[in-house]
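*Asks:* Got a structure for you, written out below as structure tokens; questions coming shortly.
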Amino acid sequence: MKEIRNIQFHTGTKEEFLPGFTAEFPYIATRAWIDQYIGRCVPWHWHKAVELFYMESGTLNYRTPHGSFTFPAGSGGLLNSNVLHTTRAIHPVEETIQVLHIFDPAFLAGEKGGRIEQKYILPFVSASQAEMLLFFPDRPKDAEILTRIREAFRLDEKEFGYEIKLREALTWIWLFLSERIRAFPKSRQAYDKSNEKIREMMIYIHENYGRKISVGELAASVFLSERECFRVFQNCLHMTPAEYMKNYWLQMAGQMLAGGEASITEIGHACGLGSSSYFGKLFREYAQCTPMEYRNKCRRGTGACDKRVDGK
């Protein structure tokens with residue numbers, strides 16, 4: 001199982017980078033220490049892979065463009081493919097650990113365009129009512145799903161037949177949930193181009209980080225007015241463009257602090273956050289510690305840091 005303490009992005013698409021995730025075997029199991037992420041949160045992102053997860057400890061909040069969902073320890077959920085989302089540890093000091101099965105739906109579908117994909121996979125990933133599914137242990141049917149999620153983590157990847165047993169375990173859960181969402185009323189929500197536009201603007205910000213970007217420039221990059229740009233950010237990410245850019249710059253600054261030797265002043269300027277005093281003020285507000293304290297914690301391995309370690 002991969003131990004995760006930060007987020008990284010693919011160059012170009014800016015989807016989340018998933019270590020060990022390959023076309024040959026599009027699945028990874030991870031343990032995410034959300035309380036050790038900078039700011040105790042995972043910033044807005046998306047990925048084609050599905051997240052099927054269980055909360056080992058703490059309480060975690062998920063936000064998508066369409067809602068806010070809280071998961072205490074012992075609960076779990078499924079986040080569907082390509083859904084924009086952010087997560088945050090609720091408690092300011094509590095250990096918050098989430099274990100996840102992250103897999104491309106193609107892992108279950110088999111041959112592309114085949115009957116299984118057409119009948120069971122595509123209807124699920126395209127169902128608006130299945131954007132986020134919540135499982136709580138006090139509901140008998142949910143309790144069974146949570147048990148199956150945990151049992152699948154116990155499979156030994158060194159044992160003969162591991163890949164088939166894993167796919168069988170995830171397929172059971174997928175089929176069970178497919179039957180459930182068929183009973184949900186289908187949403188008549190009209191197609192909204194906002195999700196497409198917000199992703200394009202996020203990519204533009206990621207590709208141009210380190211320099212000041214005006215709202216006008218950002219809006220023009222996707223052929224929107226400034227007013228419409230503000231509307232899309234508020235509707236999808238529940239923040240202004242400036243707030244998103246500041247948070248992204250601070251995430252990048254955290255990675256530079258943890259992974260390099262550049263001075264605080266150099267990092268502040270490289271990330272477009274100005275002088276060391278202004279950068280320090282912003283960083284303290286975001287991470288609840290100074291840039292130097294954060295760097296020292298990372299090097300000691302005692303706090304939020306930009307490290308990824310293979311574990312069992």
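So you can find residues: chains in the structure tokens are A, B, ... in the order shown, residues in each start at 1, and ligands are numbered from 1 in order.
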Using only C-alpha atoms, determine which residues lie at most 7 Å from Leu84 (chain A), disregarding the query and same-chain residues fewer than 5 positions distant; provide the list as a PyMOL selection string.
*Replies:* chain A and resi 44-46+64-65
*Asks:* If we count only C-alpha atoms, what is near region 105-120 of chain A at a cut-off of 12 Å, once residues fewer than 5 positions away on the same chain are taken out, given as a ChimeraX atom specification?
*Replies:* /A:21-28,47-52,79-82,125-127,163-179,181-182
*Asks:* Among region 57-253 of chain A, which ones does DSSP place in strand (DSSP E or B), written as a PyMOL selection string?
*Replies:* chain A and resi 57+60-64+67-71+76-79+85-89+97-103+132-135
*Asks:* Please tabulate, as CSV, the residues of region 222-271 of chain A that come within 12 Å of region 287-290 of chain A, each with its closest pair of atoms and the distance in Å to one decimal, counting only C-alpha atoms and ordering rows by chain, then residue number upward.
*Replies:*
```
residue,atom,partner,partner_atom,distance
A:Asn247,CA,A:Ala287,CA,10.5
A:Leu250,CA,A:Ala287,CA,8.9
A:Gln251,CA,A:Ala287,CA,9.6
A:Ala253,CA,A:Ala287,CA,11.0
A:Gly254,CA,A:Ala287,CA,9.0
A:Leu257,CA,A:Thr290,CA,10.8
A:Ile264,CA,A:Thr290,CA,10.1
```
*Asks:* Determine, counting only C-alpha atoms, which protein, DNA and RNA residues have an atom within 10 Å of an atom of region 61-63 of chain A; residues of the same chain fewer than 4 positions away are not included. Present the result as a ChimeraX atom specification.
*Replies:* /A:41-42,44,67-72,79,84-90,132,236-238
*Asks:* Extract the full set of alpha helix (DSSP H) residues from region 236-309 of chain A according to DSSP on the backbone, and format it as a PyMOL selection string.
*Replies:* chain A and resi 236-237+241-259+264-270+276-287+291-300
*Asks:* Would you mind exporting C-alpha atoms of the selected residues as a PDB file, in the first residue's frame?
*Replies:*
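Result written to again12.pdb:
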```pdb
ATOM      1  CA  CYS A 236     -17.654  24.953  -9.048  1.00  0.00           C
ATOM      2  CA  LEU A 237     -14.931  25.557  -6.437  1.00  0.00           C
ATOM      3  CA  PRO A 241     -10.061  32.927  -8.906  1.00  0.00           C
ATOM      4  CA  ALA A 242      -7.614  34.853  -6.706  1.00  0.00           C
ATOM      5  CA  GLU A 243      -8.225  32.523  -3.756  1.00  0.00           C
ATOM      6  CA  TYR A 244      -7.650  29.455  -5.929  1.00  0.00           C
ATOM      7  CA  MET A 245      -4.423  30.897  -7.361  1.00  0.00           C
ATOM      8  CA  LYS A 246      -3.102  31.814  -3.909  1.00  0.00           C
ATOM      9  CA  ASN A 247      -3.862  28.334  -2.557  1.00  0.00           C
ATOM     10  CA  TYR A 248      -2.198  26.680  -5.546  1.00  0.00           C
ATOM     11  CA  TRP A 249       0.923  28.852  -5.209  1.00  0.00           C
ATOM     12  CA  LEU A 250       1.114  27.883  -1.514  1.00  0.00           C
ATOM     13  CA  GLN A 251       0.817  24.170  -2.370  1.00  0.00           C
ATOM     14  CA  MET A 252       3.722  24.546  -4.805  1.00  0.00           C
ATOM     15  CA  ALA A 253       5.711  26.503  -2.213  1.00  0.00           C
ATOM     16  CA  GLY A 254       5.198  23.657   0.255  1.00  0.00           C
ATOM     17  CA  GLN A 255       6.601  21.154  -2.223  1.00  0.00           C
ATOM     18  CA  MET A 256       9.639  23.401  -2.851  1.00  0.00           C
ATOM     19  CA  LEU A 257      10.230  23.832   0.876  1.00  0.00           C
ATOM     20  CA  ALA A 258      10.096  20.093   1.480  1.00  0.00           C
ATOM     21  CA  GLY A 259      12.037  18.944  -1.548  1.00  0.00           C
ATOM     22  CA  ILE A 264      12.518  31.230   1.748  1.00  0.00           C
ATOM     23  CA  THR A 265      12.949  34.418  -0.272  1.00  0.00           C
ATOM     24  CA  GLU A 266      13.735  32.497  -3.461  1.00  0.00           C
ATOM     25  CA  ILE A 267      10.702  30.235  -3.013  1.00  0.00           C
ATOM     26  CA  GLY A 268       8.391  33.165  -2.319  1.00  0.00           C
ATOM     27  CA  HIS A 269       9.428  34.883  -5.544  1.00  0.00           C
ATOM     28  CA  ALA A 270       9.482  31.648  -7.593  1.00  0.00           C
ATOM     29  CA  SER A 276       9.754  36.679   2.312  1.00  0.00           C
ATOM     30  CA  SER A 277       7.713  38.589   4.926  1.00  0.00           C
ATOM     31  CA  TYR A 278       4.518  38.536   2.839  1.00  0.00           C
ATOM     32  CA  PHE A 279       5.099  34.922   1.812  1.00  0.00           C
ATOM     33  CA  GLY A 280       5.689  33.988   5.453  1.00  0.00           C
ATOM     34  CA  LYS A 281       2.441  35.661   6.523  1.00  0.00           C
ATOM     35  CA  LEU A 282       0.401  33.857   3.855  1.00  0.00           C
ATOM     36  CA  PHE A 283       2.078  30.526   4.570  1.00  0.00           C
ATOM     37  CA  ARG A 284       1.434  30.741   8.329  1.00  0.00           C
ATOM     38  CA  GLU A 285      -2.251  31.427   7.683  1.00  0.00           C
ATOM     39  CA  TYR A 286      -2.482  28.444   5.332  1.00  0.00           C
ATOM     40  CA  ALA A 287      -0.279  25.831   7.027  1.00  0.00           C
ATOM     41  CA  PRO A 291       7.916  28.155   6.078  1.00  0.00           C
ATOM     42  CA  MET A 292      11.058  27.207   8.023  1.00  0.00           C
ATOM     43  CA  GLU A 293       9.074  25.223  10.604  1.00  0.00           C
ATOM     44  CA  TYR A 294       7.360  23.395   7.766  1.00  0.00           C
ATOM     45  CA  ARG A 295      10.687  22.578   6.091  1.00  0.00           C
ATOM     46  CA  ASN A 296      12.117  21.281   9.375  1.00  0.00           C
ATOM     47  CA  LYS A 297       9.036  19.133  10.051  1.00  0.00           C
ATOM     48  CA  CYS A 298       9.346  17.586   6.599  1.00  0.00           C
ATOM     49  CA  ARG A 299      12.993  16.755   7.107  1.00  0.00           C
ATOM     50  CA  ARG A 300      12.246  15.164  10.480  1.00  0.00           C
TER      51      ARG A 300
END
```
*Asks:* Which one is closest to Ile97 (chain A): A:Glu151, A:Glu157, A:Asp35, A:Glu261? Count only C-alpha atoms.
*Replies:*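 So, comparing all the options, the nearest one is A:Asp35.
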*Asks:* Hey, which of A:Arg231, A:His101, A:His91, A:Arg40 ends up closest to Ile149 (chain A)? Count only C-alpha atoms.
*Replies:*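 Of A:Arg231, A:His101, A:His91, A:Arg40, the one nearest Ile149 (chain A) is A:His101, counting only C-alpha atoms.
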*Asks:* Could you check which of A:Leu155, A:Leu146, A:Leu100, A:Ile34 is closest to Gly74 (chain A), using only C-alpha atoms?
*Replies:*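 Using only C-alpha atoms, the shortest distance to Gly74 (chain A) belongs to A:Leu146.
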*Asks:* One decimal, in Å: what's the spacing between CA of Phe136 (chain A) and CA of Ser75 (chain A)?
*Replies:*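 The value is 4.8 Å.
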